[in-house]
Structure formats: structure tokens, C-alpha cells
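Undergrad: Quick one: structure below, then a few questions.
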Amino acid sequence: MSSSETNTTTTNSATSGRAWDDVLVDIVDYVRDYKIDSELALTTARNILIDALGCGLEALEYPAATKLLGPIVPGTTVPNGARVIGTNYVLDPVQAAFDNGALVRWLDFNDTWLAAEWGHPSDNSGAILTVADWISRERVARGEEPLTMQAVIEGIVKAHEIQGVIALENSFNAVGLDHVILVKVASTAVVSTLLGLSREQTLAAVSLAFVDGQSLRTYRHAPNAGSRKSWAAGDACSRAVKLALMAQTGEMGYPTVLTAPTWGFYDVSFGGKPFTFQRPYGSYVAENVLFKISYPAEFHSQTAVEAAHTLKDRIEAAGKTIDDIDEVTIRTHEACIRIIDKQGPLTGPADRDHCIQYMVAVPLIFGRLTAGDYEDSVAADPRIDTLRAKIHCVEDPQFTKDYHDPEKRSIANALTVKFTDGTSLDEEVVEYPIGHRRRREEGLPLLEAKFRRNLARRFDEARQQELADVSLDQAKLAATPVHEYVDLFVTAENDFGPKEK
């Protein structure tokens, strides 16, 4: 892979005769030609998928998510249309990709990748599974063989790799752009191959993803943090599918979309700097991805939340309560401070789940942190804001260094509690969250339990068992036709909201 962008390739656009930017060529040749031989990556991709689908099922309990679902024009019917998980919607693949992508991402509980750029690579599953489902149904309608879930599993590995490898060295947040640009780029590449686009068409599609205007990060930060951060990935999935379908018609691409002087992506949106790369595309990202297993919390806070749970028990063992706390210090890494260190008023759930003080205060008070704890009913408890005001972050340069170290990729936080009587508790340090590769053996049984809990939110026991039987068996899932697997997630009615237990 090129370490910087040049125009030395010999592949030419059918419309312009100019050479394609190397970054585009690297993406397209990887997604079309790379053979995945890592069993770890393929097994992890299965876990990535089922975790993403489970997160989507949980999101159906939130009206703010479900109000966005369904056909744009009520009553629209689509023969052989794609399905939306946990619903009875049958939609065109562009809209279905939005719905599935938004559900997967809604609660900020799916997998995570942390580097120079942050993101959630399983966001791409909203596009990949949707298009594979639609293709499979179209093939069956023509009397042809459907796609199997192996194509989805391999697509997940490749989308993770494209998004994650670009993110290793290239910070889009530093120039104010949201990480969902990488969802759009990765999904466009993978979806194009599922659709059977030629190499030239795939290059055109990926170039179109970069030509697009890109989302600002403003909806992730005060004073504008809001619910768009929960559907931005769905929007990127939807756009990826549309661009791939446009390229399939022969719509032209833009060979120097990145490098064109003045008007290219680098000059317009990336401060004039070319992308740089730490490693070539392979299967590294899927192998090292971070799972959110225990807490629906922005990932830079995961170890802090785990430490807070332990500290609650230690506070009680010391005969103290939260009323005795004078100060909580969080020793952390630079990215945590930049993204989620917040004081002052919080405007809603989307603001609260990006505030480390809130995410530490809740477990210190209640001994838990669930998606429901970001809602107004819980946030109204005055003890939360009182304790939040006592929680402060300080950067540890070593934590920041270890965060970027490719051999460690730690996300460390350390909490110290000082009491009003002048005493304190020894610091509670957690370097690697439960979803980290270094804790995979410990985490996978909990990830499976999370998936089973989410199945129980929507389905009766027989369907839960049917889904678990295929989803937790690598060979069985890989051989299952995509549309048959997706049908297991379909419901007869759109009866959203929490189920009675």
C-alpha cells in the first residue's frame, strides 16, 4: 500500500483517461482480490455480526429509533425487497440499509475501533447484510442459487479492514469530519463486489463516496450533541448502497478525487495532507476489534465504567457513601479528554452517553450502567449532577502512548476517590476493557450472553433457540442462505418497545 498518494497507476477511467488515485486502487484491489485465510478473523466476524444484530434488536425498544424506520412513502411495496431486522418491513435496499444501519448503531453498543480516527466498523453490516439479503431474494426469484452468509462474513472482515486501516494513521475528527465517512467508503467497496460490479465500476463507486459532502462531527459534541449521531451510520450505509447502484449503471467516477489540486478531497477537506498508512490491508482489524460487552458507553470510557463498578463496592466496604466523596480523579488518555470530558448541563441521552463524568457517576451511585440510564427519568436524579461536578480528568502521557501502540491498543483509565474527611482509596486501574483482544477468552461467553438477552427482547423461546443454533455455529451460519437467516429476524407485527418479562 502506498504511504502517500501518487498517480502512478496504469488503471484509467473510461471517461477521462486519467490514472486512478492509489488509495482508491488499493481499496478496490483488496476488496476484489484478497483471500481471507485467518480463521480468527472469520470467527470474530461472526461474533461481530451477531453482536451488531443484537444491538439492533435492543434499539427497537426506543421510540426515537423506531420512528425513523419503514418506507419513506407509507404503503410502498418492493417485490423481493430487503428486510429490516426485528420488524416486518420490506424495503428497497437503499432505505433498508438506512434502517438496519441506524438500528445497529443506535445505542452505541456495537463494536469499536480506536486509533487516530475512531469508529464502529460493524456499522457497515447495515449495508452488507441488507444488500446480500436483497441479492439473495432476487436470485431465488429468478431460480438461481442465493448468496450464503459466508459472503456476509467475508464482507464484514473486509469492511472492517478498510475502515480500520485508514483510521490507524488518518484523523478525520481533527479536521471536523465524522468517522462515518469511512463507513460509507468501506461499505461502498464491499457492496460493489456483492453486486458484481466490474473493477472500473467499483473504482467509480468508491470515488463517488469521497466526492460526497461529508458529515460534520458537530452532532457528537457540545453544544450540538444530538440523535443524528445514532443514525449517521445508517445514513452512510444507505448512501453507500445508492452510490454502488449508480456505478452499476455505468455512472462515471472521478479518478483524482483525492489528489486533484484545490478541488480534491485532500485540499478541500483534509488540510492538504495525503493519507498515510501503517500497514497494508489484510485481516488485522477484525482480529483486534473491540467489543462493547458490559456497558453501552462510548468506548474511551469503558475501562473507567468498569473501575467505577469496582470502586462502588470498595466505597461501601470502607463504610462510605457517595455523599462522602469530595473528588474523583480520572487518569486517562488524550482521546478520552478530547471526546467525552464534559462539565455543565447535558441536553439529552445523546449528550450523556458522550460524557465520561456521567458514565462514571451512574455506576458509582446505582451500581449499573444501561442504555436506559441515559434517559431523562434517570438523569433527573440530582445526585448524578452533584457527583459529576466532582469528577475531573487528567491526561497520563503513557496511557496516550499505549493507546496508539499497535501491540497494546490499550484504552486505560484509572480512578482515585478522595473523601471529605481527607482519606482516599487506592487508585483503581483498568488498562484493557472486557471486549479487548487481550481479554477475549473472558469476554466471549459474556458476548454470547448479551446476544441471547437481545434475542429475548423480540422473539419467543423457540425462535430464540433457532437463531442461537445457527448464529453460534460457524459452519452452519456460513452455509445458510442469507435471506433464510434474515427471515429468522422478521416479526409478524411491528410491536416495538420493551417486552413484559
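Following the order of the C-alpha cells, chains are lettered A, B, ..., residues in each are numbered from 1, and ligands are numbered from 1.
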Write out as an MDAnalysis selection string which residues come within 12 Å of segment 268-275 of chain A when counting only C-alpha atoms, dropping same-chain ones fewer than 4 positions away.
TA: chainID A and resid 1:6 21:24 116 165:178 181 210:216 257:264
Undergrad: Can I get the residues of segment 343-385 of chain A within 12 Å of segment 404-423 of chain A, each with the closest pair of atoms and their distance in Å to one decimal, using only C-alpha atoms, sorted chain first then ascending number, as a Markdown table?
TA:
| residue | atom | partner | partner_atom | distance |
| --- | --- | --- | --- | --- |
| A:Ile356 | CA | A:Asn413 | CA | 10.7 |
| A:Gln357 | CA | A:Leu415 | CA | 11.4 |
| A:Val360 | CA | A:Leu415 | CA | 9.5 |
| A:Ala361 | CA | A:Leu415 | CA | 11.7 |
| A:Leu364 | CA | A:Val417 | CA | 10.7 |
Undergrad: If you keep all heavy atoms, can you produce a file of those selected residues as a PDB file, in the first residue's frame?
TA:
ATOM      1  N   ILE A 356     -17.930  11.357  30.110  1.00  0.00           N
ATOM      2  CA  ILE A 356     -17.348  10.352  30.985  1.00  0.00           C
ATOM      3  C   ILE A 356     -17.759  10.581  32.441  1.00  0.00           C
ATOM      4  O   ILE A 356     -17.920   9.630  33.210  1.00  0.00           O
ATOM      5  CB  ILE A 356     -15.810  10.302  30.838  1.00  0.00           C
ATOM      6  CG1 ILE A 356     -15.262   9.055  31.543  1.00  0.00           C
ATOM      7  CG2 ILE A 356     -15.143  11.588  31.329  1.00  0.00           C
ATOM      8  CD1 ILE A 356     -13.808   8.773  31.260  1.00  0.00           C
ATOM      9  N   GLN A 357     -17.957  11.837  32.810  1.00  0.00           N
ATOM     10  CA  GLN A 357     -18.387  12.101  34.182  1.00  0.00           C
ATOM     11  C   GLN A 357     -19.744  11.460  34.468  1.00  0.00           C
ATOM     12  O   GLN A 357     -19.958  10.876  35.541  1.00  0.00           O
ATOM     13  CB  GLN A 357     -18.452  13.622  34.435  1.00  0.00           C
ATOM     14  CG  GLN A 357     -17.105  14.290  34.608  1.00  0.00           C
ATOM     15  CD  GLN A 357     -16.419  14.647  33.315  1.00  0.00           C
ATOM     16  OE1 GLN A 357     -16.927  14.359  32.220  1.00  0.00           O
ATOM     17  NE2 GLN A 357     -15.248  15.281  33.394  1.00  0.00           N
ATOM     18  N   VAL A 360     -19.401   7.599  34.687  1.00  0.00           N
ATOM     19  CA  VAL A 360     -18.775   7.139  35.923  1.00  0.00           C
ATOM     20  C   VAL A 360     -19.702   7.373  37.113  1.00  0.00           C
ATOM     21  O   VAL A 360     -19.800   6.540  38.021  1.00  0.00           O
ATOM     22  CB  VAL A 360     -17.420   7.858  36.131  1.00  0.00           C
ATOM     23  CG1 VAL A 360     -16.909   7.683  37.561  1.00  0.00           C
ATOM     24  CG2 VAL A 360     -16.391   7.322  35.137  1.00  0.00           C
ATOM     25  N   ALA A 361     -20.420   8.492  37.103  1.00  0.00           N
ATOM     26  CA  ALA A 361     -21.301   8.806  38.230  1.00  0.00           C
ATOM     27  C   ALA A 361     -22.414   7.780  38.393  1.00  0.00           C
ATOM     28  O   ALA A 361     -22.737   7.373  39.522  1.00  0.00           O
ATOM     29  CB  ALA A 361     -21.897  10.203  38.045  1.00  0.00           C
ATOM     30  N   LEU A 364     -21.269   4.583  40.090  1.00  0.00           N
ATOM     31  CA  LEU A 364     -20.903   4.868  41.481  1.00  0.00           C
ATOM     32  C   LEU A 364     -22.142   5.017  42.363  1.00  0.00           C
ATOM     33  O   LEU A 364     -22.128   4.661  43.543  1.00  0.00           O
ATOM     34  CB  LEU A 364     -20.057   6.139  41.555  1.00  0.00           C
ATOM     35  CG  LEU A 364     -18.599   6.031  41.101  1.00  0.00           C
ATOM     36  CD1 LEU A 364     -17.924   7.397  41.128  1.00  0.00           C
ATOM     37  CD2 LEU A 364     -17.821   5.031  41.970  1.00  0.00           C
TER      38      LEU A 364
END
Undergrad: Please return as a PDB file with N, CA, C and O atoms, in the first residue's frame: the residues of segment 58-247 of chain A that backbone DSSP assigns to strand (DSSP E).
TA:
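Once written, result.pdb looks like this:
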ATOM      1  N   ALA A  82     -35.571  -6.028   0.652  1.00  0.00           N
ATOM      2  CA  ALA A  82     -34.757  -6.392   1.817  1.00  0.00           C
ATOM      3  C   ALA A  82     -35.564  -6.212   3.095  1.00  0.00           C
ATOM      4  O   ALA A  82     -36.451  -5.359   3.174  1.00  0.00           O
ATOM      5  N   ARG A  83     -35.231  -7.004   4.099  1.00  0.00           N
ATOM      6  CA  ARG A  83     -35.931  -6.956   5.385  1.00  0.00           C
ATOM      7  C   ARG A  83     -35.175  -6.091   6.388  1.00  0.00           C
ATOM      8  O   ARG A  83     -33.956  -5.955   6.316  1.00  0.00           O
ATOM      9  N   VAL A  90     -40.529  -4.509   4.527  1.00  0.00           N
ATOM     10  CA  VAL A  90     -39.907  -4.985   3.295  1.00  0.00           C
ATOM     11  C   VAL A  90     -39.638  -3.744   2.450  1.00  0.00           C
ATOM     12  O   VAL A  90     -40.563  -3.094   1.969  1.00  0.00           O
ATOM     13  N   LEU A  91     -38.367  -3.415   2.241  1.00  0.00           N
ATOM     14  CA  LEU A  91     -37.993  -2.126   1.668  1.00  0.00           C
ATOM     15  C   LEU A  91     -37.010  -2.295   0.512  1.00  0.00           C
ATOM     16  O   LEU A  91     -36.401  -3.355   0.336  1.00  0.00           O
ATOM     17  N   TRP A 113     -13.480   0.661  17.077  1.00  0.00           N
ATOM     18  CA  TRP A 113     -12.079   0.700  16.657  1.00  0.00           C
ATOM     19  C   TRP A 113     -11.511   2.055  17.058  1.00  0.00           C
ATOM     20  O   TRP A 113     -12.106   3.096  16.765  1.00  0.00           O
ATOM     21  N   LEU A 114     -10.380   2.046  17.742  1.00  0.00           N
ATOM     22  CA  LEU A 114      -9.780   3.276  18.253  1.00  0.00           C
ATOM     23  C   LEU A 114      -8.366   3.416  17.702  1.00  0.00           C
ATOM     24  O   LEU A 114      -7.549   2.516  17.820  1.00  0.00           O
ATOM     25  N   TRP A 118     -11.611   7.314  15.227  1.00  0.00           N
ATOM     26  CA  TRP A 118     -12.414   6.354  15.979  1.00  0.00           C
ATOM     27  C   TRP A 118     -13.584   5.917  15.113  1.00  0.00           C
ATOM     28  O   TRP A 118     -13.871   6.503  14.082  1.00  0.00           O
ATOM     29  N   GLY A 119     -14.251   4.886  15.548  1.00  0.00           N
ATOM     30  CA  GLY A 119     -15.412   4.463  14.781  1.00  0.00           C
ATOM     31  C   GLY A 119     -15.915   3.110  15.233  1.00  0.00           C
ATOM     32  O   GLY A 119     -15.399   2.499  16.173  1.00  0.00           O
TER      33      GLY A 119
END
Undergrad: For Val152 of chain A, please output as JSON, numbers by chain all residues within 10 Å (counting only C-alpha atoms; exclusion window: fewer than 2 positions along the same chain).
TA: {"A": [45, 46, 49, 125, 128, 129, 130, 131, 132, 133, 147, 148, 149, 150, 154, 155, 156, 157, 158, 190, 191, 194, 478, 482]}
Undergrad: Would you mind exporting N, CA and C atoms of the selected residues as a short mmCIF file (atom, residue, chain, number, x, y, z; two decimals), in the first residue's frame?
TA:
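This went into again_10.cif:
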data_model
loop_
_atom_site.label_atom_id
_atom_site.label_comp_id
_atom_site.auth_asym_id
_atom_site.auth_seq_id
_atom_site.Cartn_x
_atom_site.Cartn_y
_atom_site.Cartn_z
N ALA A 45 -15.58 -12.24 12.90
CA ALA A 45 -16.60 -11.59 12.07
C ALA A 45 -17.99 -12.13 12.37
N ARG A 46 -18.08 -13.42 12.65
CA ARG A 46 -19.38 -13.97 13.05
C ARG A 46 -19.85 -13.34 14.36
N LEU A 49 -21.04 -9.82 13.72
CA LEU A 49 -22.36 -9.76 13.12
C LEU A 49 -23.46 -10.00 14.13
N SER A 125 -22.29 -3.38 8.66
CA SER A 125 -23.19 -4.52 8.49
C SER A 125 -24.58 -4.09 8.03
N ILE A 128 -24.00 -4.23 4.30
CA ILE A 128 -23.58 -5.53 3.78
C ILE A 128 -24.69 -6.57 3.88
N LEU A 129 -25.27 -6.71 5.06
CA LEU A 129 -26.33 -7.72 5.24
C LEU A 129 -27.55 -7.37 4.40
N THR A 130 -27.89 -6.09 4.33
CA THR A 130 -29.07 -5.68 3.57
C THR A 130 -28.92 -6.01 2.09
N VAL A 131 -27.81 -5.65 1.50
CA VAL A 131 -27.61 -5.90 0.08
C VAL A 131 -27.51 -7.39 -0.20
N ALA A 132 -26.83 -8.13 0.66
CA ALA A 132 -26.74 -9.58 0.48
C ALA A 132 -28.13 -10.21 0.58
N ASP A 133 -28.95 -9.73 1.48
CA ASP A 133 -30.32 -10.22 1.62
C ASP A 133 -31.12 -9.97 0.34
N LEU A 147 -27.08 -16.12 -2.26
CA LEU A 147 -25.84 -15.92 -1.53
C LEU A 147 -25.94 -16.63 -0.18
N THR A 148 -24.82 -17.06 0.34
CA THR A 148 -24.80 -17.61 1.69
C THR A 148 -24.19 -16.60 2.64
N MET A 149 -24.32 -16.87 3.91
CA MET A 149 -23.81 -15.96 4.93
C MET A 149 -22.28 -15.90 4.93
N GLN A 150 -21.62 -16.85 4.26
CA GLN A 150 -20.16 -16.74 4.14
C GLN A 150 -19.78 -15.45 3.45
N GLU A 154 -17.31 -12.67 5.15
CA GLU A 154 -16.11 -12.16 4.48
C GLU A 154 -16.21 -10.66 4.21
N GLY A 155 -17.41 -10.20 3.86
CA GLY A 155 -17.60 -8.77 3.65
C GLY A 155 -17.36 -7.96 4.90
N ILE A 156 -17.75 -8.51 6.05
CA ILE A 156 -17.52 -7.83 7.33
C ILE A 156 -16.03 -7.71 7.61
N VAL A 157 -15.27 -8.78 7.37
CA VAL A 157 -13.82 -8.71 7.57
C VAL A 157 -13.23 -7.60 6.71
N LYS A 158 -13.64 -7.52 5.45
CA LYS A 158 -13.04 -6.56 4.53
C LYS A 158 -13.48 -5.13 4.84
N VAL A 190 -17.39 -2.86 -0.46
CA VAL A 190 -17.86 -4.23 -0.24
C VAL A 190 -19.17 -4.48 -0.97
N VAL A 191 -20.10 -3.56 -0.90
CA VAL A 191 -21.38 -3.71 -1.56
C VAL A 191 -21.19 -3.82 -3.08
N LEU A 194 -20.34 -7.34 -3.86
CA LEU A 194 -21.52 -8.20 -3.73
C LEU A 194 -22.42 -8.08 -4.94
N ALA A 478 -22.27 -19.98 8.10
CA ALA A 478 -21.63 -19.68 6.82
C ALA A 478 -22.37 -20.32 5.65
N VAL A 482 -28.54 -16.27 2.81
CA VAL A 482 -28.69 -15.00 3.53
C VAL A 482 -30.14 -14.70 3.82
#
Undergrad: Could you check how far atom CA of Ala389 of chain A sits from atom CA of Asp341 of chain A, in Å to one decimal?
TA: 11.5 Å
Undergrad: Check segment 49-87 of chain A with DSSP on the backbone and list each residue it calls alpha helix (DSSP H), as a PyMOL selection string.
TA: chain A and resi 49-59+63-66
Undergrad: For segment 486-499 of chain A, work out the shell of residues within 6 Å, counting only C-alpha atoms and skipping chain neighbours fewer than 5 positions away, then give it as a list in words.
TA: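 Everything that qualifies: Leu60, Glu61, Ile85, Gly86, Thr87 and Asn88 of chain A.
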Undergrad: Excluding Asp396 of chain A and any residue of its chain fewer than 4 positions from it, enumerate the residues within 8 Å of it, using only C-alpha atoms, and give them as an MDAnalysis selection string.
TA: chainID A and resid 331:334 400
Undergrad: Report, in Å to a single decimal, how far apart atom CA of Arg439 of chain A and atom CA of Glu316 of chain A are.
TA: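 We find that atom CA of Glu316 of chain A and atom CA of Arg439 of chain A lie 27.6 Å from each other.
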Undergrad: Between atom CA of Leu455 of chain A and atom CA of Ser294 of chain A, what is the spacing in Å?
TA: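 So the answer is 16.3 Å.
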